[in-house]
Amino acid sequence: MNLKTWIAAGAAVASLGVAPAMAQDNYKDEYRVSTVVPAPFPWGLTADRWAELVAERTDGRINMKIYPGVQLVQGDQTREFTALRQGVIDMAVGSTINWSPQINELNLFSLPFLMPDYAALDALTQGPVGEKLFEVVESKGAIPLAWAENGFREVTNSKKPIRTPADMKGLKLRVVGSPIYNDMFTALGANPTQMSWADAQPALTTGAVDGQENPLTIYTVLKMHELGQTYVTLWGYVADPLIFAVNPEVFNSFTPEDQEILRQAAIDAGAYGVEVARKGLTGGDTSLIDEVKGYGVDVVTLTDEERQQFVDATRGVYDAWKEKIGVDLVNEAEKSIENR
């Protein structure tokens, strides 16, 4: 067989789809995907959907296994991005809050009362600010693919209704391990205590802490009224977008075709995750709030005047962190929200 015949035969084999199979020789049997919480939380459902879509669209070439509960990072959710960057984990659907200790710019979403509604959140993640943040994430050592969300975060406690900053005075509240949360709750007169979510649940049960802040979907799935959290204030003070990301070495080991499948599957799973996270909370559908009220829980929805008191009380934190995050980035975020 002459050289031309060899080349022609090789081209024919490639056209039959053997090339991806050959490239697959370098693929792992399993890719470990980290999440903080599993299904039936929207976060876990989102990760599950990503793995399902990738397996289906690659005919099983890429097998992703979800490891929820931060079991891959010794129970410390703030270590997840470092583990992803180092290759300890292959992929993640991670929280911008949990990654903010390593990626300072992600504290943008934790600026108190920056985002008044879902349209404001979408203006950030789906606009130029989201693109810039993805550039930052990539520069820090991971390949970002798409956005999803954990949701706007509400405050709950076991002691009393919260309508004003004065109502928070002295309350011991579990917060995530990011310094801006200490600053915010201290400014509001509360006693913030940083702990992992694994430690938070028994602390709420025993009364070691009085309350916590999380999206309402976390509250309902965990039935937190049974943990003594019988007062809920809907204040939407910050939101918690999620990022689908892959370790660069892992991503570069895939064929270009499989890279695109992985990315598009993340986009599709992200859209699904956003829908699930907002169900019962938007578009005139209040079924999730009604469910919480059905538990006999005192649910406070702040008036505009009441909400403004919290905005005013945390403005110093906002201004200080605007400088830390980057004035230009925050200004662009404010402009995007204004033009939403």
# chains A, B, ... in the order shown; residues from 1 in each chain; ligands from 1
$ select_by_dssp --residues "region 227-307 of chain A" --states "helix (DSSP H, G or I)" --output "PyMOL selection string"
chain A and resi 227+248-252+256-278+287-294+304-307
$ select_by_dssp --residues "region 81-198 of chain A" --states "strand (DSSP E)" --output "ChimeraX atom specification"
/A:91-95,143-152,154-157,172-175,191-194
$ closest_residue --among "A:Ala142, A:Ala83, A:Val37, A:Ile162" --to "Gln309 (chain A)" --atoms "only C-alpha atoms"
A:Ile162
$ residues_around --residues "Gly273 (chain A)" --least-positions-apart "6" --cutoff "12 Å" --atoms "only C-alpha atoms" --output "ChimeraX atom specification"
/A:39-50,93,146-151,241-244,265-267,279
$ closest_residue --among "A:Phe251, A:Phe134, A:Phe113, A:Tyr31" --to "Asp319 (chain A)" --atoms "only C-alpha atoms"
A:Phe113
$ atom_distance --atom1 "CA of Ala269 (chain A)" --atom2 "CA of Glu52 (chain A)"
9.3 Å
$ closest_residue --among "A:Lys65, A:Arg57, A:Lys132, A:Arg85" --to "Val250 (chain A)" --atoms "only C-alpha atoms"
A:Arg85
$ residues_around --residues "Thr78 (chain A)" --least-positions-apart "5" --cutoff "12 Å" --atoms "only C-alpha atoms" --output "count of residues only"
25
